[in-house]
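Chemist: Here you go, final-v4.cif (mmCIF, C-alpha atoms and all ligand atoms):
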```cif
data_my_file
#
loop_
_atom_site.label_atom_id
_atom_site.label_comp_id
_atom_site.auth_asym_id
_atom_site.auth_seq_id
_atom_site.Cartn_x
_atom_site.Cartn_y
_atom_site.Cartn_z
CA MET A 252 -89.73 -16.72 110.77
CA SER A 253 -87.25 -14.61 112.70
CA ILE A 254 -85.69 -15.25 116.09
CA THR A 255 -87.75 -15.58 119.29
CA LEU A 256 -87.90 -12.90 121.97
CA GLU A 257 -85.60 -15.00 124.13
CA GLN A 258 -82.99 -15.29 121.39
CA ALA A 259 -83.20 -11.54 120.75
CA LYS A 260 -82.65 -10.85 124.46
CA GLU A 261 -79.64 -13.12 124.45
CA LYS A 262 -78.07 -11.38 121.46
CA LEU A 263 -78.72 -7.92 122.90
CA LYS A 264 -77.28 -8.97 126.25
CA ARG A 265 -74.08 -10.10 124.58
CA TYR A 266 -73.62 -6.60 123.19
CA GLY A 267 -74.97 -4.74 126.25
CA GLN A 268 -77.94 -3.39 124.26
CA GLU A 269 -80.94 -4.70 126.24
CA HIS A 270 -82.55 -1.22 126.28
CA VAL A 271 -83.60 -1.81 122.67
CA LEU A 272 -86.57 -3.81 123.98
CA LYS A 273 -87.73 -1.03 126.33
CA TYR A 274 -91.07 -0.54 124.52
CA TYR A 275 -91.48 -4.11 123.27
CA GLU A 276 -94.65 -4.82 125.24
CA GLU A 277 -96.35 -1.72 123.79
CA LEU A 278 -95.84 -2.86 120.18
CA SER A 279 -98.36 -4.50 117.86
CA GLN A 280 -97.68 -8.07 116.70
CA ALA A 281 -96.37 -6.83 113.37
CA GLU A 282 -94.09 -4.27 115.02
CA LYS A 283 -92.76 -6.90 117.41
CA ALA A 284 -91.94 -9.21 114.53
CA ALA A 285 -90.25 -6.39 112.63
CA LEU A 286 -88.08 -5.46 115.60
CA LEU A 287 -87.07 -9.08 116.21
CA GLU A 288 -86.12 -9.37 112.58
CA GLN A 289 -84.06 -6.19 112.73
CA ILE A 290 -82.26 -7.48 115.84
CA GLU A 291 -81.57 -10.76 114.08
CA THR A 292 -80.20 -9.28 110.88
CA SER A 293 -78.20 -6.36 112.29
CA ASP A 294 -74.44 -6.63 112.57
CA MET A 295 -73.62 -5.67 116.15
CA ASP A 296 -69.95 -6.63 115.99
CA VAL A 297 -69.24 -3.22 114.46
CA LEU A 298 -70.56 -1.39 117.51
CA ASP A 299 -67.41 -1.90 119.49
CA SER A 300 -65.44 -0.05 116.81
CA CYS A 301 -66.36 3.35 118.20
CA ARG A 302 -64.34 2.54 121.31
CA HIS A 303 -61.03 2.03 119.53
CA GLN A 304 -61.25 4.20 116.45
CA GLU A 305 -57.56 5.10 116.29
CA GLU A 306 -56.54 1.50 115.73
CA LEU A 307 -59.05 1.11 112.92
CA LEU A 308 -57.55 3.42 110.40
CA LYS A 309 -53.81 3.18 110.83
CA ARG A 310 -52.05 4.25 107.65
CA GLY A 311 -49.15 2.62 105.86
CA VAL A 312 -46.22 4.38 104.20
CA ILE A 313 -47.47 7.00 101.74
CA THR A 314 -45.52 7.67 98.52
CA PRO A 315 -46.54 9.49 95.30
CA LEU A 316 -48.42 7.89 92.40
CA ALA A 317 -48.04 9.81 89.14
CA ALA A 318 -51.23 10.79 87.35
CA MET A 319 -51.82 10.71 83.62
CA GLU A 320 -51.99 14.44 83.07
CA LEU A 321 -53.96 16.44 80.51
CA PRO A 322 -51.21 16.98 77.86
CA ARG A 323 -50.54 13.25 77.70
CA ILE A 324 -54.26 12.50 77.53
CA ARG A 325 -54.76 15.03 74.73
CA GLU A 326 -51.92 13.53 72.75
CA ASN A 327 -53.58 10.11 72.85
CA GLU A 328 -57.19 11.17 73.01
CA GLU A 329 -58.22 9.68 69.69
CA LYS A 330 -56.62 6.34 70.39
CA TYR A 331 -58.06 6.05 73.91
CA THR A 332 -61.50 7.20 72.86
CA ALA A 333 -61.64 4.71 69.99
CA ALA A 334 -60.65 1.86 72.32
CA GLY A 335 -63.19 2.95 74.93
CA LEU A 336 -65.97 3.24 72.36
CA GLU A 337 -65.18 -0.20 71.04
CA ALA A 338 -65.45 -1.65 74.57
CA ILE A 339 -68.76 0.15 75.11
CA ARG A 340 -70.14 -1.11 71.79
CA ALA A 341 -69.12 -4.62 72.76
CA GLY A 342 -71.20 -4.20 75.95
CA LYS A 343 -68.14 -4.44 78.18
CA VAL A 344 -68.76 -1.27 80.18
CA GLY A 345 -71.44 -0.70 82.81
CA ALA A 346 -72.07 2.25 85.14
CA VAL A 347 -72.96 2.29 88.82
CA LEU A 348 -74.71 5.31 90.29
CA LEU A 349 -74.20 5.57 94.05
CA ALA A 350 -77.43 7.09 95.29
CA GLY A 351 -77.89 5.46 98.67
CA GLY A 352 -76.60 8.38 100.73
CA MET A 353 -78.75 10.49 103.02
CA GLY A 354 -77.53 13.84 101.72
CA THR A 355 -77.92 15.31 105.19
CA ARG A 356 -75.83 18.37 104.38
CA LEU A 357 -78.25 19.35 101.63
CA GLY A 358 -80.97 19.26 104.25
CA SER A 359 -83.76 17.62 102.29
CA ASP A 360 -85.42 14.34 103.27
CA ALA A 361 -85.85 13.39 99.61
CA PRO A 362 -83.18 11.45 97.69
CA LYS A 363 -80.49 13.84 96.46
CA GLY A 364 -81.09 12.91 92.84
CA VAL A 365 -84.62 14.36 92.87
CA TYR A 366 -83.28 17.81 93.76
CA ASN A 367 -84.27 20.36 91.15
CA VAL A 368 -81.33 22.57 90.16
CA GLY A 369 -83.31 24.26 87.39
CA LEU A 370 -84.40 27.89 87.69
CA THR A 371 -86.74 28.54 84.77
CA ARG A 372 -87.45 24.88 84.11
CA GLU A 373 -87.20 21.56 85.87
CA LEU A 374 -83.71 20.08 85.85
CA TYR A 375 -83.19 17.35 88.40
CA ILE A 376 -79.84 15.94 89.48
CA PHE A 377 -80.81 12.49 88.15
CA GLN A 378 -81.80 14.13 84.87
CA CYS A 379 -78.37 15.81 84.57
CA LEU A 380 -76.66 12.47 85.05
CA ILE A 381 -78.82 10.68 82.51
CA ARG A 382 -78.21 13.49 80.01
CA ASN A 383 -74.47 13.09 80.48
CA LEU A 384 -74.65 9.34 80.02
CA MET A 385 -76.82 9.77 76.93
CA ASP A 386 -73.98 11.70 75.28
CA VAL A 387 -71.92 8.52 75.41
CA VAL A 388 -74.82 6.32 74.35
CA ARG A 389 -75.22 8.51 71.29
CA GLN A 390 -71.52 8.60 70.55
CA ALA A 391 -71.18 4.82 70.88
CA GLU A 392 -74.60 4.12 69.34
CA SER A 393 -75.00 1.58 72.08
CA TRP A 394 -76.85 1.56 75.44
CA VAL A 395 -74.90 1.21 78.66
CA HIS A 396 -76.28 -0.79 81.58
CA LEU A 397 -76.82 1.55 84.52
CA PHE A 398 -77.00 0.14 88.06
CA VAL A 399 -78.51 2.46 90.64
CA MET A 400 -77.77 1.87 94.29
CA THR A 401 -80.40 3.07 96.71
CA SER A 402 -81.02 2.40 100.39
CA ASP A 403 -83.91 1.32 102.52
CA LYS A 404 -84.55 5.02 103.19
CA ASN A 405 -84.93 6.18 99.59
CA HIS A 406 -85.48 3.15 97.35
CA GLU A 407 -89.17 3.53 96.59
CA THR A 408 -89.02 7.28 96.06
CA THR A 409 -86.07 6.89 93.71
CA VAL A 410 -87.63 4.15 91.60
CA ARG A 411 -90.96 6.00 91.43
CA PHE A 412 -89.18 9.19 90.40
CA PHE A 413 -87.46 7.48 87.48
CA GLU A 414 -90.74 5.87 86.43
CA GLU A 415 -92.72 9.10 86.67
CA HIS A 416 -90.15 10.82 84.47
CA ALA A 417 -89.98 7.99 81.95
CA PHE A 418 -86.33 7.43 82.92
CA PHE A 419 -85.53 10.80 81.35
CA GLY A 420 -85.41 9.08 77.99
CA TYR A 421 -83.13 6.23 79.04
CA ARG A 422 -84.14 2.68 78.09
CA PRO A 423 -85.73 1.24 81.29
CA GLU A 424 -84.44 -2.25 80.58
CA TYR A 425 -80.92 -0.87 80.90
CA VAL A 426 -81.57 0.54 84.40
CA HIS A 427 -81.24 -1.79 87.40
CA PHE A 428 -81.97 -0.67 90.94
CA PHE A 429 -80.52 -2.39 93.97
CA MET A 430 -80.44 -1.60 97.65
CA GLN A 431 -77.44 -1.28 99.90
CA LYS A 432 -77.30 -2.51 103.48
CA MET A 433 -78.00 -0.48 106.58
CA ALA A 434 -75.82 -0.10 109.69
CA LEU A 435 -76.93 0.70 113.23
CA ALA A 436 -76.38 4.15 114.72
CA VAL A 437 -75.22 4.64 118.30
CA ASP A 438 -74.60 7.35 120.89
CA TYR A 439 -71.10 8.30 121.99
CA GLU A 440 -71.10 5.42 124.50
CA GLY A 441 -71.91 2.89 121.78
CA ARG A 442 -75.57 2.39 122.82
CA ILE A 443 -77.90 1.82 119.90
CA TYR A 444 -80.44 4.64 119.44
CA LEU A 445 -84.10 3.82 118.92
CA GLU A 446 -85.70 5.81 116.10
CA GLU A 447 -89.16 4.39 116.79
CA LYS A 448 -90.41 2.32 119.71
CA GLY A 449 -90.10 -0.73 117.52
CA ARG A 450 -87.09 0.22 115.40
CA MET A 451 -83.39 0.73 116.03
CA ALA A 452 -81.83 3.80 114.42
CA SER A 453 -79.94 2.87 111.30
CA SER A 454 -78.46 4.53 108.25
CA PRO A 455 -76.97 3.38 104.94
CA ASN A 456 -73.66 1.60 105.56
CA GLY A 457 -71.55 3.80 103.30
CA ASN A 458 -70.83 3.60 99.59
CA GLY A 459 -68.15 0.89 99.93
CA GLY A 460 -70.67 -1.93 100.02
CA TRP A 461 -71.88 -1.32 96.48
CA PHE A 462 -70.33 -4.39 94.85
CA ILE A 463 -71.45 -6.83 97.55
CA SER A 464 -74.94 -5.36 97.42
CA LEU A 465 -75.00 -5.60 93.62
CA LYS A 466 -73.97 -9.22 93.94
CA ASP A 467 -76.46 -9.97 96.74
CA ALA A 468 -79.23 -8.48 94.60
CA GLY A 469 -78.41 -11.08 91.95
CA LEU A 470 -77.33 -8.48 89.39
CA LEU A 471 -73.76 -9.71 89.12
CA GLU A 472 -75.07 -13.00 87.86
CA SER A 473 -78.13 -11.89 85.92
CA VAL A 474 -76.71 -8.83 84.19
CA VAL A 475 -72.97 -8.23 84.66
CA ARG A 476 -71.79 -11.75 83.87
CA ARG A 477 -74.58 -12.59 81.45
CA GLN A 478 -74.00 -9.45 79.40
CA GLY A 479 -70.23 -9.81 79.53
CA ILE A 480 -69.64 -6.52 81.36
CA GLU A 481 -65.91 -6.32 82.17
CA TRP A 482 -65.66 -2.80 83.56
CA LEU A 483 -67.82 -0.87 86.00
CA ASN A 484 -67.66 2.90 86.25
CA VAL A 485 -68.78 3.91 89.74
CA PHE A 486 -69.81 7.50 90.37
CA ALA A 487 -71.51 9.76 92.90
CA VAL A 488 -75.00 11.12 92.50
CA ASP A 489 -74.09 14.64 93.44
CA ASN A 490 -71.70 15.73 90.69
CA VAL A 491 -73.96 17.15 88.00
CA LEU A 492 -71.10 17.50 85.50
CA GLN A 493 -70.09 13.88 85.98
CA ARG A 494 -68.89 12.22 82.76
CA ILE A 495 -70.11 8.64 82.89
CA ALA A 496 -68.59 5.70 81.01
CA ASP A 497 -66.23 8.25 79.47
CA PRO A 498 -64.71 6.41 76.48
CA CYS A 499 -61.36 8.22 76.73
CA PHE A 500 -61.02 7.30 80.43
CA VAL A 501 -61.99 3.67 79.78
CA GLY A 502 -59.57 3.47 76.83
CA ALA A 503 -56.70 4.97 78.84
CA VAL A 504 -57.14 2.56 81.75
CA MET A 505 -57.23 -0.38 79.35
CA ASP A 506 -54.23 0.95 77.44
CA ARG A 507 -52.17 1.25 80.64
CA ASN A 508 -53.21 -2.26 81.56
CA CYS A 509 -54.52 -1.11 84.94
CA THR A 510 -57.18 -2.92 86.94
CA ALA A 511 -58.73 0.36 88.09
CA GLY A 512 -58.81 4.03 87.24
CA ALA A 513 -59.70 7.15 89.19
CA LYS A 514 -60.67 10.47 87.72
CA VAL A 515 -58.73 13.19 89.48
CA VAL A 516 -58.51 16.97 89.45
CA ARG A 517 -55.46 19.10 90.14
CA LYS A 518 -55.82 20.41 93.68
CA VAL A 519 -56.33 24.15 94.08
CA THR A 520 -54.31 24.31 97.29
CA PRO A 521 -52.27 21.61 99.05
CA ASP A 522 -54.80 21.53 101.91
CA GLU A 523 -57.93 21.36 99.70
CA LYS A 524 -60.55 19.03 101.19
CA VAL A 525 -60.33 16.23 98.65
CA GLY A 526 -58.72 12.81 99.01
CA ALA A 527 -55.33 12.68 97.26
CA ILE A 528 -54.35 9.70 95.16
CA CYS A 529 -51.08 8.06 96.21
CA LEU A 530 -49.38 4.77 96.91
CA GLU A 531 -49.68 3.29 100.38
CA ASP A 532 -47.22 0.52 101.16
CA GLY A 533 -46.67 0.29 97.42
CA ARG A 534 -50.33 -0.16 96.45
CA PRO A 535 -52.68 2.46 95.04
CA SER A 536 -54.55 4.33 97.73
CA ILE A 537 -56.24 7.58 98.66
CA VAL A 538 -55.13 9.69 101.55
CA GLU A 539 -58.04 11.65 102.99
CA TYR A 540 -57.54 15.39 103.43
CA TYR A 541 -57.68 15.08 107.23
CA ASP A 542 -54.79 12.58 107.08
CA MET A 543 -52.61 14.93 105.00
CA THR A 544 -49.65 15.88 107.15
CA GLN A 545 -47.67 19.07 106.61
CA GLU A 546 -44.86 16.92 105.25
CA LEU A 547 -47.13 15.35 102.61
CA MET A 548 -48.55 18.73 101.66
CA GLU A 549 -45.06 20.14 101.10
CA ALA A 550 -43.55 17.10 99.35
CA LYS A 551 -42.46 17.67 95.72
CA ASP A 552 -42.08 15.26 92.81
CA ALA A 553 -39.14 15.05 90.36
CA LYS A 554 -40.55 17.97 88.34
CA GLY A 555 -40.78 20.12 91.45
CA GLU A 556 -44.59 19.92 91.49
CA PRO A 557 -46.50 19.02 94.67
CA ALA A 558 -46.25 15.22 94.96
CA TYR A 559 -49.84 14.73 96.16
CA ASN A 560 -51.44 17.17 93.81
CA PHE A 561 -54.40 15.20 92.45
CA GLY A 562 -57.70 14.82 94.25
CA VAL A 563 -60.30 12.15 93.57
CA ILE A 564 -63.82 13.13 92.51
CA LEU A 565 -65.63 9.87 93.22
CA ASN A 566 -65.51 8.56 89.68
CA TYR A 567 -63.74 5.21 89.51
CA LEU A 568 -63.40 2.48 86.95
CA PHE A 569 -63.01 -1.08 88.21
CA ARG A 570 -62.26 -4.26 86.31
CA VAL A 571 -64.98 -6.74 87.23
CA ASP A 572 -62.70 -9.76 87.64
CA GLU A 573 -60.68 -7.78 90.18
CA LEU A 574 -63.87 -6.89 92.04
CA GLU A 575 -64.79 -10.55 92.17
CA ARG A 576 -61.33 -11.36 93.51
CA ILE A 577 -61.62 -8.90 96.38
CA VAL A 578 -65.30 -9.31 97.17
CA SER A 579 -64.69 -11.34 100.32
CA GLN A 580 -61.95 -9.05 101.63
CA SER A 581 -63.22 -6.73 104.31
CA LEU A 582 -62.90 -2.98 103.98
CA PRO A 583 -61.79 -0.71 106.82
CA LEU A 584 -64.65 0.58 108.92
CA HIS A 585 -65.08 4.33 109.27
CA VAL A 586 -66.79 5.61 112.39
CA VAL A 587 -68.50 8.85 111.45
CA GLU A 588 -70.03 11.46 113.77
CA LYS A 589 -73.56 12.30 112.69
CA LYS A 590 -76.85 13.86 113.72
CA ILE A 591 -79.05 10.88 114.54
CA PRO A 592 -82.78 11.34 115.17
CA TYR A 593 -83.81 9.32 118.22
CA LEU A 594 -86.42 8.70 120.91
CA GLY A 595 -85.86 10.67 124.10
CA GLU A 596 -86.24 9.34 127.65
CA THR A 597 -90.02 9.67 127.58
CA GLY A 598 -90.40 8.23 124.09
CA GLU A 599 -90.65 11.58 122.26
CA LYS A 600 -88.93 11.99 118.89
CA VAL A 601 -85.83 14.20 118.94
CA LYS A 602 -84.17 15.66 115.83
CA PRO A 603 -80.76 16.83 117.06
CA GLU A 604 -79.25 20.11 115.84
CA ALA A 605 -75.68 18.89 116.35
CA PRO A 606 -73.99 15.50 115.98
CA ASN A 607 -74.98 13.17 118.80
CA GLY A 608 -73.39 9.85 117.92
CA TYR A 609 -71.76 7.60 115.39
CA LYS A 610 -72.66 5.67 112.31
CA PHE A 611 -70.49 3.06 110.64
CA GLU A 612 -69.46 3.15 107.00
CA ASN A 613 -67.35 1.40 104.41
CA LEU A 614 -66.09 3.67 101.66
CA VAL A 615 -65.55 3.02 97.97
CA LEU A 616 -62.24 4.87 98.06
CA ASP A 617 -60.81 2.09 100.23
CA MET A 618 -61.49 -0.35 97.38
CA ILE A 619 -58.77 1.40 95.40
CA HIS A 620 -56.24 0.13 97.93
CA GLN A 621 -57.39 -3.43 97.24
CA MET A 622 -56.63 -3.07 93.54
CA GLU A 623 -53.39 -4.24 91.97
CA SER A 624 -53.04 -1.02 90.01
CA CYS A 625 -54.92 2.22 89.45
CA LEU A 626 -54.51 4.93 86.82
CA PRO A 627 -55.14 8.46 88.12
CA PHE A 628 -56.63 10.22 85.09
CA GLU A 629 -56.67 14.01 85.15
CA VAL A 630 -59.81 15.86 84.12
CA VAL A 631 -60.59 19.56 83.79
CA ARG A 632 -62.26 20.53 87.02
CA GLU A 633 -64.53 23.22 85.51
CA LYS A 634 -65.85 20.74 82.96
CA GLU A 635 -66.34 17.64 85.09
CA PHE A 636 -66.63 18.52 88.74
CA ALA A 637 -69.66 20.28 90.16
CA PRO A 638 -70.54 18.49 93.39
CA ILE A 639 -73.64 19.40 95.33
CA LYS A 640 -73.03 18.76 99.00
CA ASN A 641 -74.44 21.90 100.60
CA ARG A 642 -77.25 24.33 99.94
CA THR A 643 -74.99 27.37 99.68
CA GLY A 644 -71.27 28.17 99.60
CA VAL A 645 -68.61 25.64 98.65
CA ASP A 646 -69.79 22.58 96.69
CA SER A 647 -73.35 23.76 96.76
CA VAL A 648 -76.42 24.13 94.60
CA GLU A 649 -75.24 27.67 93.84
CA SER A 650 -71.71 26.71 92.75
CA ALA A 651 -73.04 23.78 90.69
CA ARG A 652 -75.53 26.07 88.90
CA GLN A 653 -72.75 28.43 87.97
CA LEU A 654 -70.66 25.57 86.59
CA LEU A 655 -73.63 24.13 84.68
CA ARG A 656 -74.20 27.53 83.06
CA GLN A 657 -70.51 27.81 82.24
CA ASN A 658 -70.84 24.49 80.42
CA GLY A 659 -73.78 25.69 78.37
CA VAL A 660 -76.56 23.98 80.32
CA GLU A 661 -79.71 26.04 80.39
CA LEU A 662 -81.22 26.40 83.83
P1 LIG B 701 -71.44 11.56 100.66
O1 LIG B 701 -70.20 11.16 101.33
O2 LIG B 701 -71.53 12.95 100.14
O3 LIG B 701 -72.65 11.26 101.67
O4 LIG B 701 -71.73 10.53 99.49
P2 LIG B 701 -74.20 11.62 101.61
O5 LIG B 701 -74.87 10.69 102.55
O6 LIG B 701 -74.73 11.64 100.22
O7 LIG B 701 -74.27 13.12 102.13
P3 LIG B 701 -74.14 13.71 103.61
O8 LIG B 701 -72.72 13.46 104.03
O9 LIG B 701 -75.15 13.02 104.47
O10 LIG B 701 -74.45 15.17 103.40
C1 LIG B 701 -70.96 10.43 98.33
C2 LIG B 701 -71.72 9.52 97.38
O11 LIG B 701 -71.88 8.22 97.94
C3 LIG B 701 -73.26 7.87 98.00
C4 LIG B 701 -74.00 9.19 97.98
O12 LIG B 701 -75.32 8.99 97.53
C5 LIG B 701 -73.13 9.99 97.05
O13 LIG B 701 -73.38 9.64 95.71
N1 LIG B 701 -73.50 7.10 99.23
C6 LIG B 701 -73.09 7.57 100.43
C7 LIG B 701 -74.17 5.92 99.12
O14 LIG B 701 -74.57 5.47 98.02
N2 LIG B 701 -74.39 5.21 100.27
C8 LIG B 701 -74.00 5.62 101.49
O15 LIG B 701 -74.24 4.92 102.49
C9 LIG B 701 -73.32 6.85 101.58
#
```
Now, as a test, write the supplied structure out as structure tokens.
Ligand code: UTP
Modeler:
Amino acid sequence: MSITLEQAKEKLKRYGQEHVLKYYEELSQAEKAALLEQIETSDMDVLDSCRHQEELLKRGVITPLAAMELPRIRENEEKYTAAGLEAIRAGKVGAVLLAGGMGTRLGSDAPKGVYNVGLTRELYIFQCLIRNLMDVVRQAESWVHLFVMTSDKNHETTVRFFEEHAFFGYRPEYVHFFMQKMALAVDYEGRIYLEEKGRMASSPNGNGGWFISLKDAGLLESVVRRQGIEWLNVFAVDNVLQRIADPCFVGAVMDRNCTAGAKVVRKVTPDEKVGAICLEDGRPSIVEYYDMTQELMEAKDAKGEPAYNFGVILNYLFRVDELERIVSQSLPLHVVEKKIPYLGETGEKVKPEAPNGYKFENLVLDMIHQMESCLPFEVVREKEFAPIKNRTGVDSVESARQLLRQNGVEL
């Protein structure tokens, strides 16, 4: 039983959002109940954040954090790989696929993972990822638990897609789906948009909530702890060359005694649009490309190389006990401009062509700053980084296809 109409009015009044009930009287009983429940469960404290965004993301003092570079990795490859494989065989490594995003830039309403990158045959993004993970399963002769984060907007389609494709050969009992939370979406004045007469506009609350959502879904208890998983490798859905539970990476992070690791690529230019790994106030951190000042871009390390030369590719390894330690710490909130479909003045549905408001997100990269230590681990860009963000151009279906071909994947 959710809150009463009176209680909902009270809450909305507190946040200046009474317009949300504009069509209440027109709704069916079920729709009324659903709207009341949404009002009850939605976090409206975040809404004020769009009014003082500058204060939200103040940065500390940025200094360099040296990466483990390729020559050093190659020297120790055998040792790291053996240690990583041993951890995988002992069931200590799990993988978390972040697939709750809306993929708006790709322009399809379907979950990004169901996108077919094949040309003469079907080759879905999810299929590419499972294939990559299977390489490790074969090498370790041991299955790896895979947690898949979805959202309210794509959960059913995602689960059905895996089922219809027999999990692309993966063992279903090793795949665990869980849903992330949603956050309200507002106009530039901070007024919540309605997406239906009985529903406030909302979108997934960013990829930073993955561990809390995994815990809330009961999977921390029922799988992670029960199976003795000590490391979680978190990765994005859209990099089709993604190496998952990479034994050498796992072994290196363990060997360096770090609580986290981040796969990084050498930046092509100092102003490339990737987050650069660094220290912030002495702790590991990631400085986003839009926060890179001229001074940071020009800074050099002791070898005369650019000091912030390694960009993250959304592939992180976290030690589970560290995640449990930080689970109650809040992450910074990012206020992001987006195109938000909404109901116009007369109740008609509008799909805007340009951004028309804000959504609120927590980001996984901010979790790195909560870690005691993090090993930046260099990988070869052409072998491990083929993100699909756009339909054409940079980081697109086209560029990913070319990289897949280059790596011997038949399209
Ligand atoms: P992106 O930042 O590329 O966002 O996500 P997106 O929503 O997929 O795409 P656009 O910006 O709308 O075009 C990076 C990774 O984080 C996941 C995505 O699925 C992707 O793997 N993600 C993003 C989530 O799991 N949840 C979110 O709320 C946002």
Chemist: Got a sec: who's within 6 Å of A:Ala511, counting all atoms listed in the file, leaving out chain neighbours fewer than 4 positions off, as an MDAnalysis selection string?
Modeler: chainID A and resid 568:569 625
Chemist: Give me the box for stretch 401-411 of chain A as AutoDock Vina command-line options, namely the centre and edge lengths in Å to one decimal of a box along x, y and z that holds every listed atom plus 5 Å on each side.
Modeler:
```
--center_x -85.7 --center_y 4.3 --center_z 97.3 --size_x 20.6 --size_y 16.0 --size_z 21.8
```
Chemist: Which distance in Å separates atom CA of A:Arg310 and atom CA of A:Leu547, to one decimal?
Modeler: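 Going from atom CA of A:Arg310 over to atom CA of A:Leu547, I get 13.1 Å.
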Chemist: Could you check which of A:His396, A:Lys524, A:Lys448, A:Lys640 is closest to A:Val426, using only C-alpha atoms?
Modeler: A:His396
Chemist: Which of these, A:Phe398, A:Phe377, A:Trp482, A:Tyr275, has the shortest distance to A:Leu256 once you count only C-alpha atoms?
Modeler: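 Of A:Phe398, A:Phe377, A:Trp482, A:Tyr275, the one nearest A:Leu256, counting only C-alpha atoms, is A:Tyr275.
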Chemist: Restrict the calculation to all atoms listed in the file, then for each residue of chain A with any atom at most 8 Å from an atom of ligand LIG 701 (chain B) give the closest atom pair and their distance in Å to one decimal, rows by chain and rising residue number, as a tab-separated table.
Modeler:
```
residue	atom	partner	partner_atom	distance
A:Leu348	CA	B:LIG701	O13	7.1
A:Leu349	CA	B:LIG701	O14	4.0
A:Ala350	CA	B:LIG701	O12	3.6
A:Gly351	CA	B:LIG701	O14	3.4
A:Gly352	CA	B:LIG701	O5	3.4
A:Met353	CA	B:LIG701	O5	3.9
A:Gly354	CA	B:LIG701	O7	3.4
A:Thr355	CA	B:LIG701	O9	3.7
A:Arg356	CA	B:LIG701	O10	3.6
A:Leu357	CA	B:LIG701	O10	5.9
A:Gly358	CA	B:LIG701	O10	7.7
A:Lys363	CA	B:LIG701	O12	7.2
A:Met400	CA	B:LIG701	O14	6.1
A:Thr401	CA	B:LIG701	O14	6.4
A:Ser402	CA	B:LIG701	N2	7.2
A:Gln431	CA	B:LIG701	N2	7.2
A:Met433	CA	B:LIG701	O15	7.7
A:Ser454	CA	B:LIG701	O15	7.2
A:Pro455	CA	B:LIG701	O15	4.0
A:Asn456	CA	B:LIG701	O15	4.6
A:Gly457	CA	B:LIG701	O15	3.0
A:Asn458	CA	B:LIG701	N2	4.0
A:Gly459	CA	B:LIG701	N2	7.6
A:Trp461	CA	B:LIG701	O14	7.5
A:Phe486	CA	B:LIG701	O13	6.8
A:Ala487	CA	B:LIG701	O13	3.4
A:Val488	CA	B:LIG701	O13	3.9
A:Asp489	CA	B:LIG701	O13	5.5
A:Leu565	CA	B:LIG701	C2	7.4
A:Glu612	CA	B:LIG701	O15	6.8
A:Asn613	CA	B:LIG701	O15	8.0
A:Leu614	CA	B:LIG701	C9	7.9
A:Lys640	CA	B:LIG701	O10	5.9
A:Asn641	CA	B:LIG701	O10	7.3
```
Chemist: I'd like to know which of A:Met622, A:Ala346, A:Ile376, A:Ile639 is closest to A:Cys509, using all atoms listed in the file.
Modeler: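 Ranking A:Met622, A:Ala346, A:Ile376, A:Ile639 by distance to A:Cys509, first place goes to A:Met622.
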Chemist: Can you tell me, as a list in words, what residues are no more than 6 Å from stretch 577-589 of chain A when counting all atoms listed in the file, ignoring any on the same chain fewer than 5 positions away?
Modeler: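 In the requested format, the answer is Pro606, Gly608, Tyr609, Lys610, Phe611, Glu612 and Asn613 of chain A.
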Chemist: Rounded to one decimal place, report the atom CA of A:Gly533-atom CA of A:Ser624 distance in Å.
Modeler: 9.9 Å
Chemist: Any idea what the distance is between atom CA of A:Asp497 and atom CA of A:Pro521?
Modeler: 27.5 Å
Chemist: Excluding same-chain residues fewer than 6 positions from A:Asn607, what lies within 9 Å of it counting only C-alpha atoms, as a short mmCIF file (atom, residue, chain, number, x, y, z; two decimals) with C-alpha atoms, keeping the file's coordinate frame?
Modeler:
```cif
data_model
loop_
_atom_site.label_atom_id
_atom_site.label_comp_id
_atom_site.auth_asym_id
_atom_site.auth_seq_id
_atom_site.Cartn_x
_atom_site.Cartn_y
_atom_site.Cartn_z
CA VAL A 437 -75.22 4.64 118.30
CA ASP A 438 -74.60 7.35 120.89
CA TYR A 439 -71.10 8.30 121.99
CA GLU A 588 -70.03 11.46 113.77
CA LYS A 589 -73.56 12.30 112.69
CA LYS A 590 -76.85 13.86 113.72
CA ILE A 591 -79.05 10.88 114.54
CA PRO A 592 -82.78 11.34 115.17
#
```
Chemist: Can you list, as a list in words, every protein, DNA or RNA residue that comes within 12 Å of A:Glu623 when you count all atoms listed in the file, leaving out same-chain residues fewer than 5 positions away?
Modeler: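 In the requested format, the answer is Asn508, Cys509, Thr510, Ala511, Gly512, Leu530, Glu531, Gly533, Arg534, Pro535, Ser536, Phe569, Arg570, Asp572, Glu573, Leu574, Arg576, Ile577 and Met618 of chain A.
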Chemist: Nearest to A:Gly311: which of A:Gly364, A:Glu546, A:His620, A:Ala605 is it, counting only C-alpha atoms?
Modeler: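 Of the candidates, the smallest distance to A:Gly311 is held by A:His620.
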Chemist: Compile the contact shell of A:Asp386 as a PyMOL selection string: residues with an atom at most 10 Å away, counting only C-alpha atoms, same-chain residues fewer than 4 positions apart removed.
Modeler: chain A and resi 381-382+390-392+494-497
Chemist: Please determine the residues with any atom at most 10 Å from (-82.8, -11.5, 120.7) (coordinates as given in the file, with only C-alpha atoms counting) and report them as a PyMOL selection string.
Modeler: chain A and resi 253-265+269+271-272+286-291
Chemist: Taking into account all atoms listed in the file, which residue in the set A:Gln280, A:Thr597, A:Ser393, A:Asn383 is nearest to A:Val344?
Modeler: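 For A:Val344, the nearest of the given residues is A:Ser393.
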Chemist: Considering only C-alpha atoms, state which residue in the set A:Tyr331, A:Met385, A:Glu575, A:Thr408 is at the smallest distance from A:Val365.
Modeler: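 Among A:Tyr331, A:Met385, A:Glu575, A:Thr408, it is A:Thr408 that comes nearest to A:Val365.
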